[in-house]
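Colleague: structure.cif is the file, holding mmCIF, C-alpha atoms:
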data_coords
#
loop_
_atom_site.label_atom_id
_atom_site.label_comp_id
_atom_site.auth_asym_id
_atom_site.auth_seq_id
_atom_site.Cartn_x
_atom_site.Cartn_y
_atom_site.Cartn_z
CA MET A 1 33.75 -8.46 7.56
CA ASN A 2 33.19 -12.01 6.52
CA ALA A 3 33.98 -15.60 7.38
CA VAL A 4 37.43 -15.38 5.76
CA PHE A 5 38.38 -12.53 8.08
CA TYR A 6 37.30 -14.47 11.16
CA LEU A 7 39.21 -17.57 10.01
CA LEU A 8 42.41 -15.56 9.33
CA ALA A 9 42.09 -13.71 12.63
CA ALA A 10 41.68 -17.02 14.48
CA ILE A 11 44.74 -18.54 12.74
CA THR A 12 46.86 -15.45 13.45
CA ILE A 13 45.90 -15.20 17.11
CA ALA A 14 46.27 -18.95 17.65
CA GLY A 15 49.75 -18.77 16.11
CA GLY A 16 50.69 -15.87 18.34
CA VAL A 17 49.42 -17.55 21.51
CA ALA A 18 51.20 -20.79 20.62
CA ALA A 19 54.43 -18.88 19.90
CA VAL A 20 54.61 -17.36 23.36
CA MET A 21 53.19 -20.31 25.32
CA LEU A 22 54.86 -23.39 23.81
CA LYS A 23 57.74 -24.88 25.80
CA HIS A 24 60.10 -25.85 22.98
CA LEU A 25 61.70 -22.95 21.16
CA ILE A 26 61.53 -24.69 17.79
CA HIS A 27 57.75 -25.10 18.20
CA SER A 28 57.57 -21.40 19.07
CA ALA A 29 59.47 -20.52 15.90
CA LEU A 30 57.05 -22.59 13.79
CA ALA A 31 54.03 -21.07 15.54
CA VAL A 32 55.28 -17.54 15.00
CA THR A 33 55.73 -18.38 11.30
CA VAL A 34 52.03 -19.30 11.22
CA ALA A 35 51.20 -15.96 12.84
CA PHE A 36 53.34 -14.11 10.27
CA ALA A 37 51.55 -15.96 7.45
CA GLY A 38 48.17 -15.09 8.97
CA ILE A 39 49.12 -11.42 9.07
CA ALA A 40 50.29 -11.59 5.44
CA LEU A 41 46.90 -13.05 4.48
CA LEU A 42 45.14 -10.30 6.45
CA PHE A 43 47.14 -7.78 4.39
CA LEU A 44 45.90 -9.50 1.23
CA GLN A 45 42.34 -9.26 2.62
CA LEU A 46 42.93 -5.52 3.03
CA ASP A 47 43.80 -5.19 -0.71
CA ALA A 48 47.45 -4.46 0.09
CA GLN A 49 48.95 -7.10 -2.17
CA PHE A 50 52.45 -5.64 -2.27
CA VAL A 51 52.75 -5.38 1.50
CA GLY A 52 51.30 -8.88 1.89
CA PHE A 53 53.93 -10.43 -0.37
CA ALA A 54 56.67 -8.30 1.17
CA GLN A 55 55.54 -9.64 4.55
CA ILE A 56 55.81 -13.23 3.27
CA LEU A 57 59.26 -12.59 1.79
CA VAL A 58 60.70 -10.71 4.75
CA TYR A 59 59.10 -12.45 7.71
CA ILE A 60 58.53 -16.03 6.59
CA GLY A 61 61.52 -16.04 4.25
CA ALA A 62 64.07 -14.24 6.38
CA VAL A 63 63.08 -13.49 9.97
CA ALA A 64 61.71 -16.99 10.69
CA ILE A 65 64.89 -18.57 9.29
CA LEU A 66 66.98 -16.15 11.35
CA ILE A 67 65.07 -17.14 14.51
CA VAL A 68 65.63 -20.84 13.81
CA PHE A 69 69.37 -20.21 13.28
CA ALA A 70 69.59 -18.26 16.53
CA ILE A 71 67.81 -21.09 18.40
CA LEU A 72 70.22 -23.66 17.00
CA LEU A 73 73.28 -21.50 17.73
CA THR A 74 72.24 -20.90 21.34
CA HIS A 75 71.29 -24.53 22.03
CA GLY A 76 67.77 -23.31 22.66
CA ALA A 77 66.33 -26.74 21.86
CA ASP A 78 67.36 -27.97 25.33
CA LEU A 79 64.71 -27.27 27.95
CA PRO A 80 65.90 -25.27 30.98
CA ARG A 81 65.51 -27.02 34.30
CA GLU A 82 63.89 -24.05 36.05
CA GLY A 83 60.95 -23.85 33.63
CA VAL A 84 60.36 -21.52 30.73
CA PHE A 85 58.43 -18.73 32.47
CA SER A 86 60.13 -16.01 34.44
CA LYS A 87 59.54 -15.49 38.14
CA SER A 88 57.50 -12.37 37.51
CA TRP A 89 55.20 -13.97 34.93
CA LEU A 90 52.03 -13.00 36.79
CA ALA A 91 52.98 -9.31 36.78
CA GLY A 92 53.82 -9.53 33.06
CA LEU A 93 50.48 -11.17 32.31
CA ILE A 94 48.62 -8.49 34.28
CA ILE A 95 50.49 -5.70 32.45
CA ALA A 96 49.71 -7.27 29.05
CA ALA A 97 46.04 -7.69 29.98
CA GLY A 98 45.92 -4.08 31.17
CA VAL A 99 47.44 -2.82 27.91
CA PHE A 100 44.94 -4.89 25.93
CA ALA A 101 42.06 -3.56 28.03
CA VAL A 102 43.12 0.05 27.39
CA ILE A 103 43.59 -0.44 23.61
CA GLY A 104 40.34 -2.41 23.29
CA TRP A 105 38.45 0.21 25.28
CA ALA A 106 39.86 2.97 23.07
CA VAL A 107 38.88 1.10 19.87
CA LEU A 108 35.37 0.32 21.07
CA GLU A 109 34.84 3.87 22.38
CA SER A 110 35.72 5.35 18.98
CA ILE A 111 33.46 2.99 17.05
CA ASP A 112 31.38 5.86 15.64
CA ALA A 113 34.39 7.97 14.72
CA VAL A 114 36.39 5.40 12.70
CA PRO A 115 36.48 6.05 8.96
CA GLN A 116 34.43 3.78 6.71
CA ARG A 117 35.33 3.70 3.07
CA ASN A 118 34.28 0.56 1.33
CA ALA A 119 35.35 1.39 -2.22
CA VAL A 120 38.50 -0.52 -3.13
CA PHE A 121 41.43 1.64 -4.19
CA GLU A 122 43.41 -0.13 -6.88
CA VAL A 123 47.10 0.25 -6.10
CA SER A 124 49.63 -1.06 -8.59
CA VAL A 125 53.27 -1.84 -7.92
CA GLN A 126 54.08 0.92 -10.41
CA LYS A 127 52.35 3.47 -8.18
CA ILE A 128 54.25 2.19 -5.14
CA GLY A 129 57.53 2.37 -7.02
CA ASN A 130 56.83 5.91 -8.22
CA ALA A 131 55.99 6.96 -4.67
CA LEU A 132 59.13 5.27 -3.32
CA VAL A 133 61.48 7.18 -5.65
CA GLY A 134 59.36 10.32 -5.65
CA ARG A 135 57.76 11.59 -2.50
CA TYR A 136 59.37 9.00 -0.20
CA VAL A 137 62.88 8.97 -1.66
CA LEU A 138 64.53 10.40 1.47
CA PRO A 139 63.08 7.71 3.81
CA LEU A 140 64.07 5.12 1.20
CA GLU A 141 67.70 6.29 1.27
CA ILE A 142 67.67 6.33 5.07
CA VAL A 143 66.29 2.77 5.16
CA GLY A 144 69.03 1.71 2.76
CA LEU A 145 71.65 3.23 5.06
CA LEU A 146 69.98 1.62 8.10
CA LEU A 147 69.97 -1.82 6.48
CA THR A 148 73.65 -1.50 5.56
CA ALA A 149 74.57 -0.37 9.07
CA ALA A 150 72.42 -3.12 10.64
CA THR A 151 74.00 -5.83 8.47
CA ILE A 152 77.53 -4.71 9.33
CA GLY A 153 76.59 -4.26 12.99
CA ALA A 154 74.98 -7.68 13.28
CA VAL A 155 78.03 -9.35 11.73
CA ILE A 156 80.44 -7.47 14.01
CA VAL A 157 78.38 -8.19 17.14
CA ALA A 158 78.02 -11.90 16.38
CA MET A 159 81.61 -12.35 15.14
CA HIS A 160 84.04 -14.45 17.15
CA GLU A 161 86.03 -12.28 19.51
CA LYS A 162 89.69 -12.76 20.23
CA GLU A 163 90.22 -14.64 23.46
CA ARG A 164 91.23 -12.25 26.18
CA PRO A 165 92.58 -13.26 29.59
CA ARG A 166 89.87 -12.76 32.21
CA MET B 1 28.04 -11.83 9.51
CA THR B 2 28.22 -8.19 10.51
CA ALA B 3 29.13 -8.26 14.15
CA PHE B 4 30.97 -4.95 13.90
CA PRO B 5 29.57 -1.67 12.59
CA SER B 6 32.75 -1.15 10.59
CA PRO B 7 35.21 -3.77 9.34
CA LEU B 8 38.04 -1.52 10.49
CA VAL B 9 37.09 -2.18 14.12
CA GLY B 10 37.59 -5.91 13.61
CA TYR B 11 41.10 -5.42 12.26
CA LEU B 12 41.95 -2.98 15.06
CA LEU B 13 40.81 -5.50 17.67
CA VAL B 14 42.84 -8.31 16.08
CA ALA B 15 45.87 -6.00 16.12
CA ALA B 16 45.21 -5.17 19.78
CA VAL B 17 45.03 -8.87 20.70
CA LEU B 18 48.28 -9.57 18.81
CA PHE B 19 49.99 -6.65 20.52
CA ALA B 20 48.92 -7.92 23.94
CA ILE B 21 50.14 -11.44 23.09
CA GLY B 22 53.50 -10.09 21.94
CA LEU B 23 53.82 -7.96 25.08
CA ALA B 24 52.94 -10.94 27.28
CA GLY B 25 55.52 -13.07 25.45
CA ALA B 26 58.19 -10.42 25.95
CA LEU B 27 57.36 -10.09 29.65
CA ILE B 28 56.68 -13.62 30.89
CA ARG B 29 59.28 -15.77 29.12
CA ARG B 30 62.85 -16.28 30.25
CA ASN B 31 64.46 -17.00 26.91
CA ALA B 32 65.81 -14.02 24.98
CA ILE B 33 64.70 -15.44 21.62
CA ILE B 34 61.05 -15.62 22.71
CA VAL B 35 61.34 -12.01 23.86
CA LEU B 36 62.46 -11.10 20.33
CA ILE B 37 59.57 -13.13 18.87
CA GLY B 38 57.19 -11.15 21.08
CA ILE B 39 58.68 -7.87 19.85
CA GLU B 40 58.23 -9.03 16.24
CA LEU B 41 54.57 -9.82 16.96
CA MET B 42 54.07 -6.32 18.39
CA LEU B 43 55.68 -4.73 15.30
CA ASN B 44 53.44 -6.83 13.07
CA SER B 45 50.31 -5.76 14.90
CA ALA B 46 51.33 -2.12 14.40
CA ASN B 47 51.74 -2.81 10.66
CA LEU B 48 48.26 -4.37 10.60
CA ASN B 49 46.86 -1.16 12.10
CA LEU B 50 48.68 0.97 9.51
CA ILE B 51 47.38 -1.07 6.58
CA ALA B 52 43.84 -1.22 8.00
CA PHE B 53 43.72 2.56 8.42
CA TRP B 54 45.13 2.96 4.91
CA ARG B 55 42.44 0.67 3.48
CA PHE B 56 39.48 2.27 5.23
CA GLY B 57 40.81 5.81 5.65
CA PRO B 58 39.80 8.79 3.52
CA HIS B 59 42.90 9.27 1.29
CA PRO B 60 44.23 5.94 0.00
CA GLU B 61 45.74 7.58 -3.11
CA ALA B 62 48.44 9.22 -0.93
CA LEU B 63 49.71 5.69 -0.05
CA THR B 64 50.86 6.99 3.33
CA GLY B 65 49.81 4.02 5.46
CA MET B 66 51.23 1.56 2.96
CA MET B 67 54.58 3.37 2.83
CA PHE B 68 54.73 3.44 6.62
CA ALA B 69 54.12 -0.31 6.67
CA ILE B 70 56.81 -0.99 4.03
CA PHE B 71 59.42 1.06 5.91
CA SER B 72 58.32 -0.51 9.17
CA ILE B 73 58.88 -4.00 7.71
CA ALA B 74 62.38 -2.98 6.59
CA VAL B 75 63.25 -1.54 10.01
CA ALA B 76 61.85 -4.64 11.74
CA ALA B 77 64.05 -6.87 9.59
CA ALA B 78 67.13 -4.84 10.58
CA GLU B 79 66.03 -5.01 14.23
CA ALA B 80 65.64 -8.78 14.06
CA ALA B 81 69.12 -9.23 12.56
CA VAL B 82 70.82 -7.07 15.19
CA GLY B 83 68.74 -8.51 18.05
CA LEU B 84 69.48 -12.13 17.19
CA GLY B 85 73.15 -11.24 16.67
CA LEU B 86 73.16 -9.80 20.19
CA VAL B 87 71.53 -12.95 21.59
CA ILE B 88 74.20 -15.10 19.95
CA SER B 89 76.95 -12.83 21.27
CA ILE B 90 75.50 -12.92 24.82
CA TYR B 91 75.25 -16.70 24.59
CA ARG B 92 78.97 -16.88 23.74
CA HIS B 93 79.84 -14.69 26.73
CA THR B 94 77.61 -16.20 29.40
CA ASN B 95 76.79 -19.62 27.95
CA THR B 96 73.08 -19.01 28.42
CA ALA B 97 70.22 -17.23 26.68
CA GLU B 98 68.02 -17.15 29.79
CA LEU B 99 67.44 -13.52 30.66
CA ASP B 100 67.29 -13.87 34.44
CA LYS B 101 70.71 -15.50 34.52
CA ILE B 102 72.27 -12.58 32.66
CA ASN B 103 72.85 -10.19 35.57
CA ARG B 104 76.30 -8.73 34.93
CA LEU B 105 77.24 -5.75 32.85
CA LYS B 106 80.90 -6.75 32.86
CA GLY B 107 81.73 -9.12 30.02
#
Is it possible to express this structure as structure tokens?
Modeller:
Amino acid sequence: MNAVFYLLAAITIAGGVAAVMLKHLIHSALAVTVAFAGIALLFLQLDAQFVGFAQILVYIGAVAILIVFAILLTHGADLPREGVFSKSWLAGLIIAAGVFAVIGWAVLESIDAVPQRNAVFEVSVQKIGNALVGRYVLPLEIVGLLLTAATIGAVIVAMHEKERPR
Amino acid sequence: MTAFPSPLVGYLLVAAVLFAIGLAGALIRRNAIIVLIGIELMLNSANLNLIAFWRFGPHPEALTGMMFAIFSIAVAAAEAAVGLGLVISIYRHTNTAELDKINRLKG
């Protein structure tokens, strides 16, 4: 628990708040990229180098670009006349605050029970690779199938349909 | 700078704040893309919890938390692709991505 952690936490949370509060969708996309980067750096702080770089590759490299493409394809850069918040925004805010209160209460209540192990466990990419094709080979195959299905499904869903008479 | 008895608590609280922000974004905004951004933030906060418990938990050599996080990242990427594809498809049908204007099930 040091100054670096507090700085990264502040950057991540500020990015998240900006992503959901900013009016322009493009600004939101940039802010959420900052939040993704902050989370990747928090992973690096937690000595999970592989997951940190995977986070950078997948989220900053792919998901953020995908979000920007979706904004451009849906003309999301134009501001709606009715405002950006839904009619039931107060109820949504109260629900989110309630969920945070419950999670925060649970974390602070279990402060004495949480594990504390300060020794750093050195994990190499070789160990991760061995685990992926050893103990976790079935989930790996399923994820491969899921990614194939998701790619095909996304293309089919977003493909131009034939014009039908309405 | 030891405000918390255990560093794990700090990470758990950051993840809780991020989850609440993502939930608020999914609930209070009208644009479907911001709702997807909120869902991504919630998935990321769950990953942060997994990695934090892996780092400070008793059996790091089993790599369980890290594997969960890796698979979760892969599933989240698939979810983002399908979700944004759906948003684009809905925009083609209804000419809007505002969720409270999309009130028909018929295409």
Colleague: Which residues come within 8 Å of Ala31 (chain A), counting only C-alpha atoms, excluding same-chain residues fewer than 5 positions away, as number ranges by chain?
Modeller: A: 15-16, 18-19
Colleague: Give the answer as one residue: which of B:Lys106, B:Arg92, B:Lys101, B:Arg30 has the shortest atom-to-atom distance to chain A, using only C-alpha atoms?
Modeller: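 Among the listed residues, the smallest separation from chain A belongs to B:Arg30.
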Colleague: Decode the PyMOL selection byres ((chain A) within 7 of (chain B)) for the given file into explicit residues and return them as a compact mmCIF listing (two decimals) with C-alpha atoms, in the coordinates of the input.
Modeller:
# COMPACT_ATOMS: atom_id res chain seq x y z
CA MET A 1 33.75 -8.46 7.56
CA ASN A 2 33.19 -12.01 6.52
CA ALA A 9 42.09 -13.71 12.63
CA ILE A 13 45.90 -15.20 17.11
CA GLY A 16 50.69 -15.87 18.34
CA VAL A 17 49.42 -17.55 21.51
CA VAL A 20 54.61 -17.36 23.36
CA LEU A 46 42.93 -5.52 3.03
CA VAL A 51 52.75 -5.38 1.50
CA VAL A 63 63.08 -13.49 9.97
CA ALA A 70 69.59 -18.26 16.53
CA LEU A 73 73.28 -21.50 17.73
CA THR A 74 72.24 -20.90 21.34
CA VAL A 84 60.36 -21.52 30.73
CA PHE A 85 58.43 -18.73 32.47
CA SER A 86 60.13 -16.01 34.44
CA SER A 88 57.50 -12.37 37.51
CA TRP A 89 55.20 -13.97 34.93
CA GLY A 92 53.82 -9.53 33.06
CA LEU A 93 50.48 -11.17 32.31
CA ALA A 96 49.71 -7.27 29.05
CA ALA A 97 46.04 -7.69 29.98
CA VAL A 99 47.44 -2.82 27.91
CA PHE A 100 44.94 -4.89 25.93
CA ILE A 103 43.59 -0.44 23.61
CA GLY A 104 40.34 -2.41 23.29
CA VAL A 107 38.88 1.10 19.87
CA ILE A 111 33.46 2.99 17.05
CA PRO A 115 36.48 6.05 8.96
CA GLN A 116 34.43 3.78 6.71
CA ARG A 117 35.33 3.70 3.07
CA ASN A 118 34.28 0.56 1.33
CA PHE A 121 41.43 1.64 -4.19
CA LEU A 147 69.97 -1.82 6.48
CA ALA A 150 72.42 -3.12 10.64
CA GLY A 153 76.59 -4.26 12.99
CA ALA A 154 74.98 -7.68 13.28
CA VAL A 157 78.38 -8.19 17.14
CA ALA A 158 78.02 -11.90 16.38
Colleague: If I take CA of Asp78 (chain A) and CA of Ile26 (chain A), how far is one from the other in Å, to one decimal?
Modeller: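 We find that CA of Asp78 (chain A) and CA of Ile26 (chain A) lie 10.1 Å from each other.
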Colleague: Carefully work through the PyMOL selection byres ((chain A and resi 45) around 10) for this structure and note down the residues it includes, as a JSON list (two decimals) with C-alpha atoms, in the coordinates of the input.
Modeller:
[["chain", "number", "residue", "atom", "x", "y", "z"],
["A", 1, "MET", "CA", 33.75, -8.46, 7.56],
["A", 4, "VAL", "CA", 37.43, -15.38, 5.76],
["A", 5, "PHE", "CA", 38.38, -12.53, 8.08],
["A", 8, "LEU", "CA", 42.41, -15.56, 9.33],
["A", 39, "ILE", "CA", 49.12, -11.42, 9.07],
["A", 40, "ALA", "CA", 50.29, -11.59, 5.44],
["A", 41, "LEU", "CA", 46.90, -13.05, 4.48],
["A", 42, "LEU", "CA", 45.14, -10.30, 6.45],
["A", 43, "PHE", "CA", 47.14, -7.78, 4.39],
["A", 44, "LEU", "CA", 45.90, -9.50, 1.23],
["A", 46, "LEU", "CA", 42.93, -5.52, 3.03],
["A", 47, "ASP", "CA", 43.80, -5.19, -0.71],
["A", 48, "ALA", "CA", 47.45, -4.46, 0.09],
["A", 49, "GLN", "CA", 48.95, -7.10, -2.17],
["A", 52, "GLY", "CA", 51.30, -8.88, 1.89],
["B", 52, "ALA", "CA", 43.84, -1.22, 8.00],
["B", 55, "ARG", "CA", 42.44, 0.67, 3.48]]
Colleague: What separation in Å, quoted to one decimal, exists between CA of Ala54 (chain A) and CA of Val34 (chain A)?
Modeller: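 CA of Val34 (chain A) lies 15.6 Å from CA of Ala54 (chain A).
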Colleague: Find the spatial neighbours of Leu79 (chain A), counting only C-alpha atoms, within a cut-off of 9 Å - ignore same-chain residues fewer than 4 positions away - and output them as a VMD selection string.
Modeller: chain A and resid 23 to 25 83 to 84
Colleague: Atoms to include: C-alpha atoms. Write the selected residues as a PDB file, in the coordinates of the input.
Modeller:
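And here is the file that came out, out04.pdb:
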ATOM      1  CA  LYS A  23      57.740 -24.880  25.800  1.00  0.00           C
ATOM      2  CA  HIS A  24      60.100 -25.850  22.980  1.00  0.00           C
ATOM      3  CA  LEU A  25      61.700 -22.950  21.160  1.00  0.00           C
ATOM      4  CA  GLY A  83      60.950 -23.850  33.630  1.00  0.00           C
ATOM      5  CA  VAL A  84      60.360 -21.520  30.730  1.00  0.00           C
TER       6      VAL A  84
END
Colleague: What does the distance between CA of Phe36 (chain A) and CA of Leu72 (chain A) come to in Å, to one decimal place?
Modeller: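 Separating CA of Phe36 (chain A) from CA of Leu72 (chain A) is a distance of 20.5 Å.
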